[in-house]
$ cat upload00.txt   # compact mmCIF, C-alpha atoms and all ligand atoms
# COMPACT_ATOMS: atom_id res chain seq x y z
CA MET A 1 -54.68 75.71 -26.87
CA THR A 2 -57.07 78.14 -28.58
CA VAL A 3 -58.75 76.88 -31.71
CA ALA A 4 -61.14 79.39 -33.22
CA HIS A 5 -63.62 77.90 -35.69
CA SER A 6 -64.04 80.48 -38.43
CA ASP A 7 -66.61 78.40 -40.30
CA ASP A 8 -67.53 74.77 -40.91
CA GLN A 9 -64.64 74.31 -43.29
CA ALA A 10 -61.58 75.39 -41.40
CA VAL A 11 -59.91 75.99 -38.07
CA GLN A 12 -57.46 78.84 -37.48
CA LEU A 13 -54.39 78.17 -35.38
CA SER A 14 -51.51 80.36 -34.33
CA LEU A 15 -48.06 79.14 -35.39
CA HIS A 16 -47.30 78.41 -31.76
CA ASP A 17 -50.39 76.22 -31.34
CA LEU A 18 -49.82 74.39 -34.59
CA ILE A 19 -46.22 73.63 -33.55
CA SER A 20 -47.46 72.28 -30.20
CA THR A 21 -49.99 70.03 -31.96
CA LEU A 22 -47.42 68.62 -34.37
CA GLU A 23 -44.84 68.19 -31.63
CA ALA A 24 -47.31 66.10 -29.62
CA ILE A 25 -48.05 63.91 -32.67
CA LEU A 26 -44.35 63.32 -33.36
CA LEU A 27 -43.55 62.58 -29.72
CA ARG A 28 -46.40 60.09 -29.56
CA ASN A 29 -45.10 58.36 -32.67
CA GLY A 30 -41.53 57.77 -31.58
CA ALA A 31 -39.60 61.01 -32.10
CA SER A 32 -37.29 62.26 -29.35
CA GLY A 33 -37.98 65.65 -27.77
CA PRO A 34 -35.35 67.57 -29.78
CA VAL A 35 -36.35 65.91 -33.09
CA ALA A 36 -40.07 66.48 -32.49
CA ARG A 37 -39.44 70.14 -31.64
CA VAL A 38 -37.40 70.88 -34.76
CA LEU A 39 -39.60 68.90 -37.16
CA ALA A 40 -42.83 70.35 -35.78
CA ALA A 41 -41.52 73.90 -36.17
CA ASN A 42 -40.33 73.14 -39.70
CA CYS A 43 -43.57 71.51 -40.84
CA ALA A 44 -45.78 74.18 -39.23
CA SER A 45 -43.67 76.95 -40.80
CA ALA A 46 -44.05 75.32 -44.22
CA GLU A 47 -47.84 75.25 -43.75
CA ARG A 48 -47.84 78.87 -42.53
CA ASP A 49 -45.97 79.89 -45.69
CA GLY A 50 -48.56 78.24 -47.91
CA SER A 51 -46.75 75.05 -48.92
CA GLN A 52 -49.48 72.69 -50.07
CA SER A 53 -47.15 69.78 -50.74
CA HIS A 54 -44.60 70.01 -47.89
CA GLY A 55 -46.56 71.21 -44.87
CA LEU A 56 -49.30 69.32 -43.03
CA PHE A 57 -49.76 67.12 -46.10
CA ARG A 58 -46.51 65.40 -44.99
CA MET A 59 -47.53 64.64 -41.40
CA ALA A 60 -49.08 61.24 -42.17
CA GLY A 61 -45.83 60.34 -43.96
CA TYR A 62 -43.66 61.46 -41.03
CA VAL A 63 -45.70 59.26 -38.72
CA LYS A 64 -45.62 56.21 -41.03
CA ASN A 65 -41.87 56.54 -41.51
CA LEU A 66 -41.27 56.77 -37.77
CA ARG A 67 -43.63 53.91 -36.94
CA SER A 68 -42.12 51.64 -39.60
CA GLY A 69 -38.61 52.22 -38.23
CA PHE A 70 -37.32 53.33 -41.66
CA VAL A 71 -36.45 56.74 -40.18
CA ASP A 72 -34.88 56.99 -36.73
CA GLY A 73 -36.87 59.60 -34.82
CA ARG A 74 -34.36 59.52 -31.98
CA ALA A 75 -31.25 60.01 -34.12
CA VAL A 76 -28.58 62.32 -32.73
CA PRO A 77 -26.72 64.06 -35.59
CA GLN A 78 -22.93 63.99 -35.59
CA VAL A 79 -21.23 67.16 -36.87
CA ARG A 80 -17.64 66.68 -38.05
CA ASP A 81 -15.45 69.70 -38.72
CA VAL A 82 -13.48 68.23 -41.62
CA GLY A 83 -11.95 71.37 -43.15
CA SER A 84 -11.68 75.11 -42.76
CA ALA A 85 -14.77 75.46 -44.94
CA PHE A 86 -16.38 72.01 -44.75
CA LEU A 87 -18.76 70.41 -42.26
CA LEU A 88 -19.71 66.76 -42.75
CA ILE A 89 -22.86 65.86 -40.86
CA ASP A 90 -24.18 62.35 -40.30
CA ALA A 91 -27.91 62.61 -39.64
CA GLY A 92 -27.87 59.07 -38.21
CA ASN A 93 -30.73 57.91 -40.47
CA GLY A 94 -32.88 60.66 -39.00
CA TYR A 95 -34.55 63.68 -40.56
CA ALA A 96 -32.29 66.23 -42.24
CA ARG A 97 -33.58 69.35 -40.52
CA PRO A 98 -32.42 68.42 -36.98
CA ALA A 99 -29.01 67.64 -38.51
CA LEU A 100 -28.94 71.07 -40.13
CA GLU A 101 -29.97 72.75 -36.87
CA ALA A 102 -27.03 71.06 -35.12
CA ALA A 103 -24.59 72.73 -37.54
CA ILE A 104 -26.14 76.12 -38.35
CA GLU A 105 -24.13 78.28 -35.93
CA LEU A 106 -20.79 76.67 -36.68
CA ALA A 107 -21.50 76.88 -40.43
CA ILE A 108 -22.22 80.62 -40.22
CA ASP A 109 -19.02 81.21 -38.21
CA LYS A 110 -16.96 79.23 -40.71
CA ALA A 111 -18.52 80.97 -43.73
CA ARG A 112 -17.70 84.34 -42.19
CA SER A 113 -14.09 83.44 -41.41
CA ALA A 114 -13.23 81.32 -44.47
CA GLY A 115 -15.48 83.21 -46.89
CA ALA A 116 -17.46 80.06 -47.67
CA CYS A 117 -18.63 76.87 -46.04
CA ILE A 118 -20.03 73.62 -47.33
CA LEU A 119 -22.46 71.58 -45.24
CA ALA A 120 -22.70 68.01 -46.49
CA ILE A 121 -25.51 66.22 -44.63
CA GLY A 122 -25.63 62.47 -45.24
CA ASN A 123 -27.64 59.45 -44.07
CA ALA A 124 -30.64 61.78 -43.89
CA HIS A 125 -34.33 62.04 -44.81
CA HIS A 126 -35.62 65.35 -46.19
CA ASN A 127 -39.36 65.79 -46.43
CA GLY A 128 -39.76 69.55 -46.21
CA PRO A 129 -39.49 72.56 -48.50
CA LEU A 130 -35.95 73.85 -48.99
CA TRP A 131 -36.64 77.57 -48.56
CA LEU A 132 -36.72 77.18 -44.78
CA ASP A 133 -33.21 75.68 -44.96
CA VAL A 134 -31.62 78.57 -46.87
CA GLU A 135 -33.55 81.48 -45.37
CA PRO A 136 -31.73 81.59 -41.98
CA PHE A 137 -28.38 81.89 -43.74
CA ALA A 138 -29.52 84.78 -45.94
CA GLU A 139 -30.98 86.44 -42.84
CA ALA A 140 -27.46 86.16 -41.39
CA GLY A 141 -26.08 88.01 -44.43
CA LEU A 142 -24.84 85.00 -46.42
CA ILE A 143 -25.59 83.65 -49.88
CA ALA A 144 -26.96 80.09 -49.58
CA LEU A 145 -27.56 77.40 -52.17
CA SER A 146 -29.04 74.07 -51.14
CA VAL A 147 -29.73 70.85 -53.03
CA VAL A 148 -31.40 67.61 -51.92
CA ASN A 149 -31.70 64.34 -53.81
CA SER A 150 -34.86 62.40 -53.23
CA VAL A 151 -36.76 59.31 -54.44
CA THR A 152 -36.56 58.02 -57.99
CA TYR A 153 -39.53 59.48 -59.91
CA VAL A 154 -37.87 61.36 -62.78
CA VAL A 155 -36.80 59.91 -66.10
CA PRO A 156 -33.50 61.33 -67.44
CA HIS A 157 -33.83 63.25 -70.72
CA GLY A 158 -34.41 60.82 -73.58
CA GLY A 159 -34.74 57.88 -71.17
CA HIS A 160 -37.68 55.65 -70.48
CA LYS A 161 -37.49 54.76 -66.79
CA ARG A 162 -37.19 56.53 -63.45
CA LEU A 163 -33.71 57.50 -62.30
CA TYR A 164 -33.49 60.88 -60.53
CA GLY A 165 -35.51 62.21 -57.66
CA THR A 166 -37.50 65.40 -58.03
CA ASN A 167 -34.22 66.83 -56.65
CA PRO A 168 -35.05 70.35 -55.48
CA MET A 169 -32.73 73.32 -55.16
CA ALA A 170 -33.09 76.59 -53.31
CA PHE A 171 -31.05 79.78 -53.46
CA ALA A 172 -31.26 82.74 -51.09
CA VAL A 173 -29.54 86.12 -50.76
CA PRO A 174 -29.95 88.97 -48.27
CA ARG A 175 -31.81 92.10 -49.40
CA ALA A 176 -31.31 95.71 -48.31
CA ASP A 177 -34.51 95.87 -46.26
CA GLY A 178 -33.60 92.84 -44.13
CA GLN A 179 -35.75 90.59 -46.29
CA VAL A 180 -34.49 87.68 -48.34
CA LEU A 181 -34.68 87.07 -52.07
CA LEU A 182 -34.98 83.37 -52.80
CA PHE A 183 -36.29 80.70 -55.06
CA ASP A 184 -37.00 77.07 -54.24
CA GLN A 185 -37.97 74.60 -56.92
CA ALA A 186 -37.97 70.95 -57.86
CA THR A 187 -36.04 69.92 -60.98
CA ALA A 188 -38.97 67.76 -62.10
CA ALA A 189 -41.59 69.33 -64.35
CA MET A 190 -43.81 69.13 -61.23
CA ALA A 191 -43.00 68.32 -57.58
CA HIS A 192 -44.10 64.77 -56.64
CA GLY A 193 -46.25 66.11 -53.77
CA GLU A 194 -48.13 68.28 -56.28
CA VAL A 195 -48.78 65.21 -58.46
CA ARG A 196 -50.17 63.36 -55.43
CA ILE A 197 -52.45 66.30 -54.64
CA ALA A 198 -53.60 66.48 -58.28
CA ALA A 199 -54.37 62.73 -58.20
CA ARG A 200 -56.31 63.12 -54.97
CA GLU A 201 -58.35 65.90 -56.57
CA SER A 202 -58.80 63.92 -59.86
CA LYS A 203 -57.18 66.72 -61.87
CA ILE A 204 -55.79 66.47 -65.40
CA LEU A 205 -52.22 67.74 -65.67
CA PRO A 206 -50.81 70.02 -68.38
CA GLU A 207 -48.79 68.43 -71.20
CA GLY A 208 -45.13 67.67 -70.57
CA ILE A 209 -45.29 66.59 -66.92
CA GLY A 210 -44.95 62.83 -67.08
CA LEU A 211 -45.03 59.40 -68.70
CA ASP A 212 -47.24 56.41 -67.93
CA ALA A 213 -45.93 52.93 -67.04
CA SER A 214 -45.41 52.09 -70.73
CA GLY A 215 -43.26 55.21 -71.26
CA GLN A 216 -45.96 57.14 -73.13
CA PRO A 217 -46.76 60.79 -72.35
CA THR A 218 -49.75 61.12 -70.02
CA ARG A 219 -51.77 63.90 -68.41
CA SER A 220 -53.10 61.59 -65.68
CA PRO A 221 -51.41 62.14 -62.28
CA GLN A 222 -52.50 58.65 -61.21
CA ALA A 223 -50.83 57.07 -64.25
CA ILE A 224 -47.59 58.85 -63.28
CA LEU A 225 -47.88 57.54 -59.73
CA ASP A 226 -48.80 53.99 -60.87
CA GLY A 227 -45.43 53.00 -62.30
CA GLY A 228 -45.02 55.98 -64.62
CA ALA A 229 -42.43 58.74 -64.29
CA LEU A 230 -42.09 62.49 -64.10
CA LEU A 231 -40.14 64.41 -66.73
CA PRO A 232 -37.37 66.83 -65.74
CA PHE A 233 -38.21 70.52 -66.26
CA GLY A 234 -36.66 72.09 -69.34
CA GLY A 235 -35.71 68.86 -71.15
CA HIS A 236 -31.99 68.05 -71.24
CA LYS A 237 -31.12 71.15 -69.19
CA GLY A 238 -33.26 70.18 -66.21
CA SER A 239 -32.03 66.60 -66.57
CA SER A 240 -28.41 67.73 -66.17
CA ILE A 241 -29.29 69.81 -63.11
CA ALA A 242 -31.03 66.77 -61.57
CA MET A 243 -27.84 64.77 -62.29
CA MET A 244 -25.71 67.44 -60.60
CA ILE A 245 -27.97 67.35 -57.54
CA ASP A 246 -27.76 63.55 -57.25
CA ILE A 247 -23.96 63.99 -57.28
CA LEU A 248 -23.76 66.93 -54.83
CA ALA A 249 -26.37 65.59 -52.39
CA GLY A 250 -25.86 61.84 -52.87
CA ALA A 251 -22.22 61.15 -53.80
CA LEU A 252 -20.61 64.05 -51.92
CA THR A 253 -22.35 63.19 -48.64
CA GLY A 254 -21.74 59.42 -48.91
CA SER A 255 -25.48 58.79 -49.28
CA ASN A 256 -27.77 56.96 -51.69
CA PHE A 257 -28.45 58.20 -55.18
CA SER A 258 -32.19 58.75 -55.63
CA HIS A 259 -32.57 55.45 -57.50
CA GLN A 260 -30.91 53.49 -54.67
CA VAL A 261 -33.43 54.39 -51.96
CA ASP A 262 -35.20 51.23 -50.81
CA TRP A 263 -37.85 51.11 -48.10
CA SER A 264 -39.25 47.71 -49.15
CA ALA A 265 -38.29 46.08 -45.83
CA TYR A 266 -40.30 48.72 -43.92
CA PRO A 267 -44.02 48.43 -44.72
CA GLY A 268 -45.75 51.80 -44.70
CA ALA A 269 -42.52 53.77 -45.15
CA GLU A 270 -41.85 56.12 -48.05
CA SER A 271 -38.97 58.49 -47.52
CA ALA A 272 -35.84 59.62 -49.36
CA HIS A 273 -32.91 58.20 -47.41
CA THR A 274 -30.38 60.42 -49.18
CA GLY A 275 -28.39 63.60 -48.58
CA GLN A 276 -28.40 67.38 -48.66
CA THR A 277 -25.64 69.82 -49.50
CA ILE A 278 -25.67 73.51 -48.64
CA ILE A 279 -23.08 75.92 -50.00
CA LEU A 280 -22.62 79.20 -48.13
CA ILE A 281 -20.75 82.24 -49.41
CA ASP A 282 -19.96 85.41 -47.48
CA PRO A 283 -20.68 88.21 -50.00
CA THR A 284 -18.55 90.70 -48.06
CA LYS A 285 -15.47 88.77 -49.20
CA GLY A 286 -16.40 89.49 -52.81
CA ASN A 287 -17.80 92.99 -52.82
CA GLY A 288 -16.60 95.05 -49.90
CA SER A 289 -19.57 95.33 -47.59
CA LEU A 290 -22.96 93.73 -47.08
CA ARG A 291 -24.54 97.08 -47.84
CA MET A 292 -22.85 97.26 -51.22
CA PHE A 293 -23.87 93.69 -52.02
CA THR A 294 -27.51 94.12 -51.03
CA GLY A 295 -27.51 97.38 -53.00
CA ARG A 296 -26.60 95.36 -56.08
CA ILE A 297 -29.46 92.93 -55.33
CA GLU A 298 -31.91 95.86 -55.19
CA GLU A 299 -30.49 97.14 -58.47
CA LEU A 300 -31.24 93.76 -60.07
CA VAL A 301 -34.71 93.51 -58.52
CA GLU A 302 -35.55 96.96 -59.93
CA ALA A 303 -34.27 95.91 -63.33
CA MET A 304 -36.39 92.77 -63.20
CA ALA A 305 -39.49 94.88 -62.53
CA GLY A 306 -38.41 97.26 -65.30
CA ALA A 307 -38.17 94.31 -67.66
CA GLY A 308 -41.76 93.38 -66.87
CA GLN A 309 -41.43 90.68 -64.19
CA THR A 310 -44.60 91.11 -62.16
CA ARG A 311 -43.59 89.20 -59.06
CA LEU A 312 -40.47 87.91 -57.38
CA PRO A 313 -39.93 84.25 -56.50
CA GLY A 314 -40.78 83.83 -52.82
CA GLU A 315 -43.43 86.58 -52.85
CA ARG A 316 -46.38 84.17 -52.54
CA ARG A 317 -44.66 82.54 -49.56
CA LEU A 318 -44.10 85.89 -47.81
CA ALA A 319 -47.69 86.98 -48.45
CA ALA A 320 -48.97 83.72 -46.92
CA ARG A 321 -46.69 84.26 -43.92
CA LYS A 322 -48.01 87.79 -43.40
CA LEU A 323 -51.63 86.65 -43.63
CA ALA A 324 -50.98 83.83 -41.15
CA ALA A 325 -49.45 86.30 -38.69
CA GLU A 326 -52.60 88.45 -38.92
CA ARG A 327 -55.30 85.77 -39.01
CA GLY A 328 -53.70 82.51 -37.93
CA ILE A 329 -53.03 79.48 -40.08
CA ALA A 330 -56.16 78.17 -41.79
CA ILE A 331 -56.44 74.38 -41.64
CA GLU A 332 -59.15 72.52 -43.50
CA ALA A 333 -61.54 70.57 -41.28
CA GLU A 334 -60.55 67.29 -42.95
CA THR A 335 -56.83 67.91 -42.40
CA TRP A 336 -57.50 68.85 -38.77
CA LYS A 337 -59.44 65.58 -38.30
CA GLN A 338 -56.51 63.63 -39.77
CA LEU A 339 -54.09 65.37 -37.40
CA GLN A 340 -56.27 64.47 -34.42
CA ALA A 341 -56.23 60.84 -35.57
CA LEU A 342 -52.43 60.84 -35.74
P1 LIG A 401 -43.03 75.99 -57.66
O1 LIG A 401 -42.97 75.66 -59.10
O2 LIG A 401 -44.36 76.19 -57.03
O3 LIG A 401 -42.20 77.32 -57.37
C1 LIG A 401 -40.84 77.36 -57.68
C2 LIG A 401 -40.26 78.73 -57.39
O4 LIG A 401 -40.72 79.65 -58.37
C3 LIG A 401 -40.69 79.32 -56.04
O5 LIG A 401 -39.62 80.01 -55.47
C4 LIG A 401 -41.84 80.25 -56.42
O6 LIG A 401 -42.02 81.33 -55.51
C5 LIG A 401 -41.36 80.76 -57.76
N1 LIG A 401 -42.44 81.17 -58.63
C6 LIG A 401 -43.58 80.52 -58.88
N2 LIG A 401 -44.34 81.21 -59.76
C7 LIG A 401 -43.65 82.34 -60.05
C8 LIG A 401 -43.90 83.46 -60.88
N3 LIG A 401 -45.01 83.57 -61.60
N4 LIG A 401 -42.97 84.42 -60.95
C9 LIG A 401 -41.82 84.34 -60.22
N5 LIG A 401 -41.53 83.31 -59.42
C10 LIG A 401 -42.44 82.31 -59.33
O7 LIG A 401 -42.20 74.90 -56.79
P2 LIG A 401 -42.05 73.34 -57.05
O8 LIG A 401 -43.40 72.79 -57.29
O9 LIG A 401 -40.99 73.08 -58.03
O10 LIG A 401 -41.52 72.87 -55.60
C11 LIG A 401 -42.42 72.89 -54.51
C12 LIG A 401 -41.71 72.59 -53.22
O11 LIG A 401 -41.41 71.22 -53.12
C13 LIG A 401 -40.38 73.32 -52.98
O12 LIG A 401 -40.49 73.98 -51.73
C14 LIG A 401 -39.35 72.20 -52.88
O13 LIG A 401 -38.31 72.45 -51.96
C15 LIG A 401 -40.21 71.05 -52.41
N6 LIG A 401 -39.59 69.76 -52.73
C16 LIG A 401 -39.00 69.06 -51.71
C17 LIG A 401 -38.42 67.83 -51.96
C18 LIG A 401 -37.71 67.08 -50.87
O14 LIG A 401 -37.12 66.06 -51.15
N7 LIG A 401 -37.73 67.54 -49.67
C19 LIG A 401 -38.47 67.21 -53.30
C20 LIG A 401 -39.06 68.06 -54.29
C21 LIG A 401 -39.63 69.28 -54.01
P3 LIG A 401 -43.24 81.29 -54.44
O15 LIG A 401 -42.78 80.38 -53.35
O16 LIG A 401 -43.37 82.70 -54.00
O17 LIG A 401 -44.44 80.79 -55.17
$ encode --input "upload00.txt" --output "C-alpha cells" --more "lines below"
Ligand code: NDP
Amino acid sequence: MTVAHSDDQAVQLSLHDLISTLEAILLRNGASGPVARVLAANCASAERDGSQSHGLFRMAGYVKNLRSGFVDGRAVPQVRDVGSAFLLIDAGNGYARPALEAAIELAIDKARSAGACILAIGNAHHNGPLWLDVEPFAEAGLIALSVVNSVTYVVPHGGHKRLYGTNPMAFAVPRADGQVLLFDQATAAMAHGEVRIAARESKILPEGIGLDASGQPTRSPQAILDGGALLPFGGHKGSSIAMMIDILAGALTGSNFSHQVDWSAYPGAESAHTGQTIILIDPTKGNGSLRMFTGRIEELVEAMAGAGQTRLPGERRLAARKLAAERGIAIEAETWKQLQAL
C-alpha cells in the first residue's frame, strides 16, 4: 500500500488503499468477507466525498458494535420478492448497506418493469450517509427517495423528551450530463454526528439546535449529548417529517421505532437497530423518455440559478470527490493513528 506523507498533519490515500485498510479492520473485528468489503467501500466513499460525520469518524463505532455482538457482522441478508413492485429485505441484524447491495439489481429491474419499486429493509443498522444509497439508482436513470430511522435524540415539536431519531432522507434524480442531482439531510436541526464533532472541538452551537437535560434551550453540544435532546429542523414541519420517516422506515419494515432501540445489554455498542425504505420511480413511465425528463431537470436547475441559488445540494460532495481523485483522500494524522489501533 502506498501512503504518501504530504506533511506532518495528514496522510494521502487512494480510494483503493483506504478501502483495503478499512476492510482489514472490519475483517479483524468479526465481519465476514462480503460484509467487510461492502462496508469498507461505503465508509471510504463517504470519507472521499467529504462526510465529516459518516466517514472514518464512524469506524470506531463499527468496530465496537461488531465486538459487542449488537450488530451481526456475518449476517446474510434475505431478499423476499413480495410484490410486483415491492422487495422486503431482512438484513439479519447486520448493516443495512450489504442488505441493499443484495437487492440493487432486482430493484432496478422491477422499477423499470413495474414503473416503481419499494425496498423495505428491516432488522438493519445504518451508520452511513444516505447519498451513497440513492446515487446508484439515479445513475441507472431512476428517481430514488430513501429514509432511515435512527436512535432517539430528537424531541417532537412542543415536546420535552427524546422520541425520534435524526431520521435522514435523501432524494436523487438523473441529470442530462450523466450526473445526479441529490440532497441528503437529517430531519434534526443538526445531525447527531455533527453534534459529537462540535462537542469534541468544544464549539458553541447556534441557537435552535437543542435542549439540555432539563428541557431548556442550550447552545452546548455536550449538554445535548448528556441527556438533552436535539430539535427537529423547521419546527412542527420537520417534526412531522421525522414522524413520517419513523413510520416508513420503522413500521413498514417491521423494525424498531427510533425510541425503541436498546443496546443496553451490549456494552460498548451504539447503533440504530431500525429500518430503511427506498422508493424508486422510473421517470420514463411519467414523461416519455429519460432525455425529456432530464431536460426538465436542467430547466429547473437553470431556473434555480436564475432565482439566485448559488450552489446545488450535492455540489460540495462532488467537489470533494473530484479533489480526492486528483490528490488522494487526506486523512488527519490522529485519525490515521486511530485506524491503525483498530
Ligand atoms: P447538511 O445540512 O450538511 O446538508 C444537507 C443537504 O443540503 C446536503 O445535500 C447538502 O449538499 C445541501 N446543502 C448544504 N448547504 C447548502 C447550500 N448552501 N445550498 C444548497 N444546498 C446545500 O446535512 P446534515 O447535517 O443534515 O446530514 C449529514 C449527513 O448525516 C447526511 O449524509 C445524512 O444521511 C447523515 N445521517 C445519517 C444518519 C443515519 O442514521 N445513517 C442519521 C442522520 C444523518 P452537500 O452535500 O453538497 O453539502
$ atom_distance --input "upload00.txt" --atom1 "CA of Ala307 in chain A" --atom2 "atom N4 of ligand LIG 401 (chain A)"
12.9 Å
$ residues_around --input "upload00.txt" --residues "range 41-58 of chain A" --least-positions-apart "6" --cutoff "9 Å" --atoms "all atoms listed in the file" --output "short mmCIF file (atom, residue, chain, number, x, y, z; two decimals) with C-alpha atoms, in the frame of the given file"
data_model
loop_
_atom_site.label_atom_id
_atom_site.label_comp_id
_atom_site.auth_asym_id
_atom_site.auth_seq_id
_atom_site.Cartn_x
_atom_site.Cartn_y
_atom_site.Cartn_z
CA LEU A 15 -48.06 79.14 -35.39
CA HIS A 16 -47.30 78.41 -31.76
CA LEU A 18 -49.82 74.39 -34.59
CA ILE A 19 -46.22 73.63 -33.55
CA SER A 20 -47.46 72.28 -30.20
CA LEU A 22 -47.42 68.62 -34.37
CA GLU A 23 -44.84 68.19 -31.63
CA ARG A 97 -33.58 69.35 -40.52
CA ASN A 127 -39.36 65.79 -46.43
CA GLY A 128 -39.76 69.55 -46.21
CA PRO A 129 -39.49 72.56 -48.50
CA TRP A 131 -36.64 77.57 -48.56
CA LEU A 132 -36.72 77.18 -44.78
CA ALA A 191 -43.00 68.32 -57.58
CA HIS A 192 -44.10 64.77 -56.64
CA GLY A 193 -46.25 66.11 -53.77
CA GLU A 194 -48.13 68.28 -56.28
CA ARG A 196 -50.17 63.36 -55.43
CA ILE A 197 -52.45 66.30 -54.64
CA ARG A 316 -46.38 84.17 -52.54
CA ARG A 317 -44.66 82.54 -49.56
CA LEU A 318 -44.10 85.89 -47.81
CA ALA A 319 -47.69 86.98 -48.45
CA ALA A 320 -48.97 83.72 -46.92
CA ARG A 321 -46.69 84.26 -43.92
CA LYS A 322 -48.01 87.79 -43.40
CA LEU A 323 -51.63 86.65 -43.63
CA ALA A 324 -50.98 83.83 -41.15
CA ALA A 325 -49.45 86.30 -38.69
CA GLY A 328 -53.70 82.51 -37.93
CA ILE A 329 -53.03 79.48 -40.08
CA ALA A 330 -56.16 78.17 -41.79
CA ILE A 331 -56.44 74.38 -41.64
CA THR A 335 -56.83 67.91 -42.40
CA LEU A 339 -54.09 65.37 -37.40
#
$ residues_near_ligand --input "upload00.txt" --ligand "ligand LIG 401 (chain A)" --cutoff "6 Å" --atoms "only C-alpha atoms and all ligand atoms" --output "PyMOL selection string"
chain A and resi 126-130+148+150+166-168+183-186+190-191+311-317
$ closest_atom_pairs --input "upload00.txt" --of "range 66-140 of chain A" --to "range 246-265 of chain A" --cutoff "10 Å" --atoms "all atoms listed in the file" --output "tab-separated table"
residue	atom	partner	partner_atom	distance
A:Ser68	CA	A:Ala265	CA	9.2
A:Gly69	CA	A:Ala265	CA	9.8
A:Phe70	CA	A:Trp263	CA	6.8
A:Val71	CA	A:Trp263	CA	9.8
A:Leu88	CA	A:Thr253	CA	7.4
A:Ile89	CA	A:Thr253	CA	8.2
A:Asp90	CA	A:Thr253	CA	8.6
A:Leu119	CA	A:Thr253	CA	9.1
A:Ala120	CA	A:Thr253	CA	5.3
A:Ile121	CA	A:Thr253	CA	5.9
A:Gly122	CA	A:Thr253	CA	4.8
A:Asn123	CA	A:Ser255	CA	5.7
A:Ala124	CA	A:Ser255	CA	8.0
$ atom_distance --input "upload00.txt" --atom1 "CA of Gln179 in chain A" --atom2 "CA of Gly295 in chain A"
12.6 Å
$ closest_residue --input "upload00.txt" --among "A:Leu13, A:Leu182, A:Ile297, A:Ala269" --to "Ala144 in chain A" --atoms "only C-alpha atoms"
A:Leu182
